[in-house]
Amino acid sequence: MTNTTTFESVRVGDTLPELVKPPIDRTQLALFAGASGDHNPIHLDDERATAVGLPGVIVHGMLNMAILGQLLTNWVAQAQVKKFSNRFAAMAYPG
């Protein structure tokens with residue numbers, strides 16, 4: 001995909017193109033754990049997650065960040081991205 005969006009062309013209030021993804025499921029969590037090396041059981045095992053006070057497994061924060069990165073690079077060419085950061089404000093759960 002060739003994208004000609006530049007910093008100069010971006011305006012406050014611009015709408016990013018929609019990114020439709022299926023709900024995150026247990027398979028995706030397991031695959032992401034393998035790819036990222038983050039095998040923390042709070043992302044994979046309900047029993048271990050509830051033992052530390054969570055309602056069940058939570059999605060890896062960096063998986064959420066990867067999806068946001070895909071949204072960003074669908075809008076702006078990856079070569080144009082100089083910095084990408086976020087603040088994790090809440091947990092995400094499968095589904």
# chains A, B, ... in the order shown; residues from 1 in each chain; ligands from 1
call {"tool": "closest_atom_pairs", "arguments": {"of": "range 10-69 of chain A", "to": "range 76-89 of chain A", "cutoff": "9 Å", "atoms": "only C-alpha atoms", "output": "CSV"}}
result
residue,atom,partner,partner_atom,distance
A:Gly61,CA,A:Phe88,CA,7.3
A:Met65,CA,A:Asn86,CA,7.8
A:Gly69,CA,A:Phe84,CA,7.8
call {"tool": "closest_atom_pairs", "arguments": {"of": "range 31-81 of chain A", "to": "range 17-23 of chain A", "cutoff": "10 Å", "atoms": "only C-alpha atoms", "output": "JSON lines"}}
result
{"residue": "A:Ile67", "atom": "CA", "partner": "A:Lys21", "partner_atom": "CA", "distance": 8.7}
{"residue": "A:Leu68", "atom": "CA", "partner": "A:Leu19", "partner_atom": "CA", "distance": 9.2}
{"residue": "A:Gln70", "atom": "CA", "partner": "A:Leu19", "partner_atom": "CA", "distance": 8.3}
{"residue": "A:Leu71", "atom": "CA", "partner": "A:Leu19", "partner_atom": "CA", "distance": 6.0}
{"residue": "A:Leu72", "atom": "CA", "partner": "A:Pro17", "partner_atom": "CA", "distance": 8.9}
{"residue": "A:Asn74", "atom": "CA", "partner": "A:Pro17", "partner_atom": "CA", "distance": 7.4}
{"residue": "A:Trp75", "atom": "CA", "partner": "A:Pro17", "partner_atom": "CA", "distance": 6.4}
call {"tool": "write_last_selection", "arguments": {"atoms": "all heavy atoms", "output": "PDB file, in the first residue's frame"}}
result
ATOM      1  N   ILE A  67      -1.351  -3.903  17.378  1.00  0.00           N
ATOM      2  CA  ILE A  67      -2.561  -3.616  16.610  1.00  0.00           C
ATOM      3  C   ILE A  67      -2.671  -2.116  16.345  1.00  0.00           C
ATOM      4  O   ILE A  67      -2.999  -1.692  15.233  1.00  0.00           O
ATOM      5  CB  ILE A  67      -3.807  -4.174  17.328  1.00  0.00           C
ATOM      6  CG1 ILE A  67      -3.751  -5.709  17.343  1.00  0.00           C
ATOM      7  CG2 ILE A  67      -5.089  -3.682  16.670  1.00  0.00           C
ATOM      8  CD1 ILE A  67      -4.754  -6.374  18.263  1.00  0.00           C
ATOM      9  N   LEU A  68      -2.357  -1.312  17.342  1.00  0.00           N
ATOM     10  CA  LEU A  68      -2.353   0.137  17.128  1.00  0.00           C
ATOM     11  C   LEU A  68      -1.301   0.541  16.097  1.00  0.00           C
ATOM     12  O   LEU A  68      -1.525   1.437  15.280  1.00  0.00           O
ATOM     13  CB  LEU A  68      -2.098   0.871  18.449  1.00  0.00           C
ATOM     14  CG  LEU A  68      -3.251   0.848  19.438  1.00  0.00           C
ATOM     15  CD1 LEU A  68      -2.812   1.437  20.776  1.00  0.00           C
ATOM     16  CD2 LEU A  68      -4.449   1.599  18.896  1.00  0.00           C
ATOM     17  N   GLN A  70      -0.354  -1.283  13.589  1.00  0.00           N
ATOM     18  CA  GLN A  70      -0.913  -1.632  12.282  1.00  0.00           C
ATOM     19  C   GLN A  70      -1.894  -0.555  11.828  1.00  0.00           C
ATOM     20  O   GLN A  70      -1.879  -0.138  10.665  1.00  0.00           O
ATOM     21  CB  GLN A  70      -1.603  -2.990  12.344  1.00  0.00           C
ATOM     22  CG  GLN A  70      -2.149  -3.421  10.998  1.00  0.00           C
ATOM     23  CD  GLN A  70      -2.857  -4.765  11.048  1.00  0.00           C
ATOM     24  OE1 GLN A  70      -3.089  -5.331  12.109  1.00  0.00           O
ATOM     25  NE2 GLN A  70      -3.202  -5.269   9.885  1.00  0.00           N
ATOM     26  N   LEU A  71      -2.731  -0.078  12.740  1.00  0.00           N
ATOM     27  CA  LEU A  71      -3.661   1.003  12.415  1.00  0.00           C
ATOM     28  C   LEU A  71      -2.887   2.233  11.937  1.00  0.00           C
ATOM     29  O   LEU A  71      -3.212   2.834  10.908  1.00  0.00           O
ATOM     30  CB  LEU A  71      -4.505   1.353  13.636  1.00  0.00           C
ATOM     31  CG  LEU A  71      -5.416   2.569  13.522  1.00  0.00           C
ATOM     32  CD1 LEU A  71      -6.544   2.310  12.536  1.00  0.00           C
ATOM     33  CD2 LEU A  71      -5.968   2.949  14.885  1.00  0.00           C
ATOM     34  N   LEU A  72      -1.837   2.578  12.662  1.00  0.00           N
ATOM     35  CA  LEU A  72      -1.022   3.742  12.310  1.00  0.00           C
ATOM     36  C   LEU A  72      -0.363   3.590  10.947  1.00  0.00           C
ATOM     37  O   LEU A  72      -0.428   4.488  10.107  1.00  0.00           O
ATOM     38  CB  LEU A  72       0.037   3.976  13.390  1.00  0.00           C
ATOM     39  CG  LEU A  72       1.034   5.101  13.142  1.00  0.00           C
ATOM     40  CD1 LEU A  72       0.333   6.441  13.068  1.00  0.00           C
ATOM     41  CD2 LEU A  72       2.099   5.100  14.235  1.00  0.00           C
ATOM     42  N   ASN A  74      -1.198   1.685   8.518  1.00  0.00           N
ATOM     43  CA  ASN A  74      -2.180   1.645   7.431  1.00  0.00           C
ATOM     44  C   ASN A  74      -2.538   3.064   6.996  1.00  0.00           C
ATOM     45  O   ASN A  74      -3.047   3.280   5.908  1.00  0.00           O
ATOM     46  CB  ASN A  74      -3.462   0.923   7.851  1.00  0.00           C
ATOM     47  CG  ASN A  74      -3.314  -0.572   7.863  1.00  0.00           C
ATOM     48  OD1 ASN A  74      -2.309  -1.124   7.429  1.00  0.00           O
ATOM     49  ND2 ASN A  74      -4.317  -1.250   8.380  1.00  0.00           N
ATOM     50  N   TRP A  75      -2.289   4.036   7.864  1.00  0.00           N
ATOM     51  CA  TRP A  75      -2.635   5.435   7.610  1.00  0.00           C
ATOM     52  C   TRP A  75      -1.435   6.227   7.114  1.00  0.00           C
ATOM     53  O   TRP A  75      -1.536   7.022   6.187  1.00  0.00           O
ATOM     54  CB  TRP A  75      -3.191   6.030   8.902  1.00  0.00           C
ATOM     55  CG  TRP A  75      -3.618   7.458   8.843  1.00  0.00           C
ATOM     56  CD1 TRP A  75      -4.471   8.022   7.945  1.00  0.00           C
ATOM     57  CD2 TRP A  75      -3.242   8.487   9.738  1.00  0.00           C
ATOM     58  NE1 TRP A  75      -4.647   9.358   8.237  1.00  0.00           N
ATOM     59  CE2 TRP A  75      -3.899   9.668   9.346  1.00  0.00           C
ATOM     60  CE3 TRP A  75      -2.402   8.535  10.854  1.00  0.00           C
ATOM     61  CZ2 TRP A  75      -3.749  10.870  10.014  1.00  0.00           C
ATOM     62  CZ3 TRP A  75      -2.269   9.733  11.524  1.00  0.00           C
ATOM     63  CH2 TRP A  75      -2.936  10.884  11.095  1.00  0.00           C
TER      64      TRP A  75
END
call {"tool": "select_by_dssp", "arguments": {"residues": "range 16-56 of chain A", "states": "alpha helix (DSSP H)", "output": "PyMOL selection string"}}
result
chain A and resi 26-36+46-51
call {"tool": "write_last_selection", "arguments": {"atoms": "N, CA, C and O atoms", "output": "PDB file, in the first residue's frame"}}
result
ATOM      1  N   ARG A  26      -7.765 -16.902  22.567  1.00  0.00           N
ATOM      2  CA  ARG A  26      -6.691 -17.608  23.278  1.00  0.00           C
ATOM      3  C   ARG A  26      -5.588 -18.065  22.343  1.00  0.00           C
ATOM      4  O   ARG A  26      -4.416 -18.069  22.712  1.00  0.00           O
ATOM      5  N   THR A  27      -5.953 -18.454  21.135  1.00  0.00           N
ATOM      6  CA  THR A  27      -4.934 -18.878  20.165  1.00  0.00           C
ATOM      7  C   THR A  27      -3.996 -17.718  19.846  1.00  0.00           C
ATOM      8  O   THR A  27      -2.777 -17.878  19.817  1.00  0.00           O
ATOM      9  N   GLN A  28      -4.566 -16.544  19.615  1.00  0.00           N
ATOM     10  CA  GLN A  28      -3.734 -15.372  19.316  1.00  0.00           C
ATOM     11  C   GLN A  28      -2.837 -15.043  20.503  1.00  0.00           C
ATOM     12  O   GLN A  28      -1.675 -14.677  20.320  1.00  0.00           O
ATOM     13  N   LEU A  29      -3.343 -15.172  21.720  1.00  0.00           N
ATOM     14  CA  LEU A  29      -2.500 -14.916  22.896  1.00  0.00           C
ATOM     15  C   LEU A  29      -1.335 -15.898  22.952  1.00  0.00           C
ATOM     16  O   LEU A  29      -0.200 -15.509  23.231  1.00  0.00           O
ATOM     17  N   ALA A  30      -1.604 -17.167  22.689  1.00  0.00           N
ATOM     18  CA  ALA A  30      -0.545 -18.174  22.707  1.00  0.00           C
ATOM     19  C   ALA A  30       0.481 -17.907  21.608  1.00  0.00           C
ATOM     20  O   ALA A  30       1.694 -18.008  21.844  1.00  0.00           O
ATOM     21  N   LEU A  31       0.011 -17.564  20.419  1.00  0.00           N
ATOM     22  CA  LEU A  31       0.932 -17.272  19.318  1.00  0.00           C
ATOM     23  C   LEU A  31       1.765 -16.033  19.614  1.00  0.00           C
ATOM     24  O   LEU A  31       2.969 -15.996  19.337  1.00  0.00           O
ATOM     25  N   PHE A  32       1.141 -15.012  20.196  1.00  0.00           N
ATOM     26  CA  PHE A  32       1.888 -13.801  20.533  1.00  0.00           C
ATOM     27  C   PHE A  32       2.912 -14.087  21.629  1.00  0.00           C
ATOM     28  O   PHE A  32       4.024 -13.577  21.590  1.00  0.00           O
ATOM     29  N   ALA A  33       2.539 -14.917  22.597  1.00  0.00           N
ATOM     30  CA  ALA A  33       3.492 -15.291  23.651  1.00  0.00           C
ATOM     31  C   ALA A  33       4.735 -15.936  23.034  1.00  0.00           C
ATOM     32  O   ALA A  33       5.867 -15.617  23.407  1.00  0.00           O
ATOM     33  N   GLY A  34       4.518 -16.827  22.079  1.00  0.00           N
ATOM     34  CA  GLY A  34       5.648 -17.480  21.422  1.00  0.00           C
ATOM     35  C   GLY A  34       6.486 -16.505  20.612  1.00  0.00           C
ATOM     36  O   GLY A  34       7.714 -16.558  20.634  1.00  0.00           O
ATOM     37  N   ALA A  35       5.836 -15.610  19.897  1.00  0.00           N
ATOM     38  CA  ALA A  35       6.556 -14.657  19.053  1.00  0.00           C
ATOM     39  C   ALA A  35       7.305 -13.622  19.880  1.00  0.00           C
ATOM     40  O   ALA A  35       8.409 -13.209  19.521  1.00  0.00           O
ATOM     41  N   SER A  36       6.718 -13.205  20.997  1.00  0.00           N
ATOM     42  CA  SER A  36       7.315 -12.129  21.797  1.00  0.00           C
ATOM     43  C   SER A  36       8.228 -12.643  22.902  1.00  0.00           C
ATOM     44  O   SER A  36       9.024 -11.882  23.453  1.00  0.00           O
ATOM     45  N   ASP A  46      -5.998 -19.027  33.045  1.00  0.00           N
ATOM     46  CA  ASP A  46      -7.013 -18.390  33.898  1.00  0.00           C
ATOM     47  C   ASP A  46      -6.749 -18.622  35.380  1.00  0.00           C
ATOM     48  O   ASP A  46      -6.913 -17.709  36.187  1.00  0.00           O
ATOM     49  N   GLU A  47      -6.367 -19.825  35.722  1.00  0.00           N
ATOM     50  CA  GLU A  47      -6.140 -20.152  37.133  1.00  0.00           C
ATOM     51  C   GLU A  47      -5.029 -19.297  37.730  1.00  0.00           C
ATOM     52  O   GLU A  47      -5.151 -18.762  38.830  1.00  0.00           O
ATOM     53  N   ARG A  48      -3.942 -19.152  36.984  1.00  0.00           N
ATOM     54  CA  ARG A  48      -2.825 -18.328  37.468  1.00  0.00           C
ATOM     55  C   ARG A  48      -3.211 -16.852  37.489  1.00  0.00           C
ATOM     56  O   ARG A  48      -2.806 -16.113  38.387  1.00  0.00           O
ATOM     57  N   ALA A  49      -3.996 -16.409  36.507  1.00  0.00           N
ATOM     58  CA  ALA A  49      -4.434 -15.011  36.465  1.00  0.00           C
ATOM     59  C   ALA A  49      -5.347 -14.690  37.648  1.00  0.00           C
ATOM     60  O   ALA A  49      -5.190 -13.656  38.302  1.00  0.00           O
ATOM     61  N   THR A  50      -6.291 -15.578  37.936  1.00  0.00           N
ATOM     62  CA  THR A  50      -7.205 -15.324  39.052  1.00  0.00           C
ATOM     63  C   THR A  50      -6.475 -15.409  40.390  1.00  0.00           C
ATOM     64  O   THR A  50      -6.854 -14.717  41.338  1.00  0.00           O
ATOM     65  N   ALA A  51      -5.405 -16.196  40.448  1.00  0.00           N
ATOM     66  CA  ALA A  51      -4.627 -16.311  41.690  1.00  0.00           C
ATOM     67  C   ALA A  51      -3.959 -14.991  42.067  1.00  0.00           C
ATOM     68  O   ALA A  51      -3.663 -14.760  43.238  1.00  0.00           O
TER      69      ALA A  51
END
call {"tool": "atom_distance", "arguments": {"atom1": "CA of Gly53 in chain A", "atom2": "CA of Asp25 in chain A"}}
result
20.8 Å
call {"tool": "atom_distance", "arguments": {"atom1": "CA of Met91 in chain A", "atom2": "CA of Gly37 in chain A"}}
result
19.6 Å
call {"tool": "closest_residue", "arguments": {"among": "A:Gly95, A:Ala90, A:Ile42, A:Ser9", "to": "Pro55 in chain A", "atoms": "only C-alpha atoms"}}
result
A:Ile42
call {"tool": "residues_around", "arguments": {"residues": "Ile58 in chain A", "least_positions_apart": "4", "cutoff": "6 Å", "atoms": "only C-alpha atoms", "output": "CSV table (one decimal) with N, CA, C and O atoms, in the first residue's frame"}}
result
chain,number,residue,atom,x,y,z
A,43,HIS,N,-1.3,-14.1,30.9
A,43,HIS,CA,-1.8,-14.0,29.6
A,43,HIS,C,-2.3,-15.3,29.0
A,43,HIS,O,-2.9,-15.3,27.9
A,92,ALA,N,-7.0,-5.2,28.8
A,92,ALA,CA,-7.9,-5.7,27.8
A,92,ALA,C,-8.0,-7.2,28.0
A,92,ALA,O,-7.0,-7.9,28.5
A,93,TYR,N,-9.1,-7.8,27.7
A,93,TYR,CA,-9.4,-9.2,27.9
A,93,TYR,C,-9.8,-9.8,26.6
A,93,TYR,O,-10.3,-9.2,25.7
call {"tool": "decode", "arguments": {"residues": "range 9-40 of chain A", "atoms": "N, CA and C atoms", "output": "CSV table (one decimal), in the first residue's frame"}}
result
chain,number,residue,atom,x,y,z
A,9,SER,N,0.4,17.2,6.3
A,9,SER,CA,-1.0,17.1,5.8
A,9,SER,C,-1.9,16.7,6.9
A,10,VAL,N,-1.4,16.3,8.1
A,10,VAL,CA,-2.2,15.8,9.2
A,10,VAL,C,-2.8,17.0,9.9
A,11,ARG,N,-4.1,16.9,10.2
A,11,ARG,CA,-4.8,18.0,10.9
A,11,ARG,C,-5.5,17.4,12.2
A,12,VAL,N,-5.6,18.2,13.2
A,12,VAL,CA,-6.4,17.8,14.4
A,12,VAL,C,-7.8,17.5,13.9
A,13,GLY,N,-8.3,16.4,14.4
A,13,GLY,CA,-9.7,16.0,14.0
A,13,GLY,C,-9.7,15.0,12.8
A,14,ASP,N,-8.5,14.8,12.1
A,14,ASP,CA,-8.5,13.8,11.0
A,14,ASP,C,-9.0,12.5,11.6
A,15,THR,N,-9.6,11.7,10.7
A,15,THR,CA,-10.1,10.4,11.1
A,15,THR,C,-9.1,9.4,10.4
A,16,LEU,N,-8.7,8.4,11.2
A,16,LEU,CA,-7.8,7.4,10.7
A,16,LEU,C,-8.7,6.3,10.0
A,17,PRO,N,-8.2,5.7,9.0
A,17,PRO,CA,-8.9,4.6,8.3
A,17,PRO,C,-9.3,3.5,9.3
A,18,GLU,N,-10.5,3.0,9.2
A,18,GLU,CA,-10.9,1.9,10.1
A,18,GLU,C,-10.1,0.7,9.9
A,19,LEU,N,-9.8,0.0,11.0
A,19,LEU,CA,-9.1,-1.2,11.0
A,19,LEU,C,-10.0,-2.2,11.7
A,20,VAL,N,-10.5,-3.2,11.0
A,20,VAL,CA,-11.4,-4.2,11.6
A,20,VAL,C,-10.6,-5.5,11.8
A,21,LYS,N,-10.6,-5.9,13.1
A,21,LYS,CA,-9.9,-7.1,13.5
A,21,LYS,C,-10.9,-8.0,14.2
A,22,PRO,N,-10.7,-9.3,14.1
A,22,PRO,CA,-11.5,-10.2,14.9
A,22,PRO,C,-11.2,-10.1,16.3
A,23,PRO,N,-12.1,-10.5,17.2
A,23,PRO,CA,-11.8,-10.4,18.7
A,23,PRO,C,-10.5,-11.2,19.0
A,24,ILE,N,-9.7,-10.7,19.9
A,24,ILE,CA,-8.5,-11.5,20.3
A,24,ILE,C,-9.0,-12.7,21.0
A,25,ASP,N,-8.4,-13.9,20.7
A,25,ASP,CA,-8.8,-15.1,21.3
A,25,ASP,C,-7.5,-15.8,21.9
A,26,ARG,N,-7.8,-16.9,22.6
A,26,ARG,CA,-6.7,-17.6,23.3
A,26,ARG,C,-5.6,-18.1,22.3
A,27,THR,N,-6.0,-18.5,21.1
A,27,THR,CA,-4.9,-18.9,20.2
A,27,THR,C,-4.0,-17.7,19.8
A,28,GLN,N,-4.6,-16.5,19.6
A,28,GLN,CA,-3.7,-15.4,19.3
A,28,GLN,C,-2.8,-15.0,20.5
A,29,LEU,N,-3.3,-15.2,21.7
A,29,LEU,CA,-2.5,-14.9,22.9
A,29,LEU,C,-1.3,-15.9,23.0
A,30,ALA,N,-1.6,-17.2,22.7
A,30,ALA,CA,-0.5,-18.2,22.7
A,30,ALA,C,0.5,-17.9,21.6
A,31,LEU,N,0.0,-17.6,20.4
A,31,LEU,CA,0.9,-17.3,19.3
A,31,LEU,C,1.8,-16.0,19.6
A,32,PHE,N,1.1,-15.0,20.2
A,32,PHE,CA,1.9,-13.8,20.5
A,32,PHE,C,2.9,-14.1,21.6
A,33,ALA,N,2.5,-14.9,22.6
A,33,ALA,CA,3.5,-15.3,23.7
A,33,ALA,C,4.7,-15.9,23.0
A,34,GLY,N,4.5,-16.8,22.1
A,34,GLY,CA,5.6,-17.5,21.4
A,34,GLY,C,6.5,-16.5,20.6
A,35,ALA,N,5.8,-15.6,19.9
A,35,ALA,CA,6.6,-14.7,19.1
A,35,ALA,C,7.3,-13.6,19.9
A,36,SER,N,6.7,-13.2,21.0
A,36,SER,CA,7.3,-12.1,21.8
A,36,SER,C,8.2,-12.6,22.9
A,37,GLY,N,8.1,-13.9,23.3
A,37,GLY,CA,8.8,-14.4,24.4
A,37,GLY,C,8.2,-14.1,25.7
A,38,ASP,N,7.0,-13.5,25.7
A,38,ASP,CA,6.3,-13.1,27.0
A,38,ASP,C,5.3,-14.3,27.3
A,39,HIS,N,5.8,-15.2,28.1
A,39,HIS,CA,5.0,-16.4,28.5
A,39,HIS,C,4.4,-16.2,29.9
A,40,ASN,N,4.3,-15.0,30.3
A,40,ASN,CA,3.7,-14.7,31.7
A,40,ASN,C,2.4,-15.4,31.7
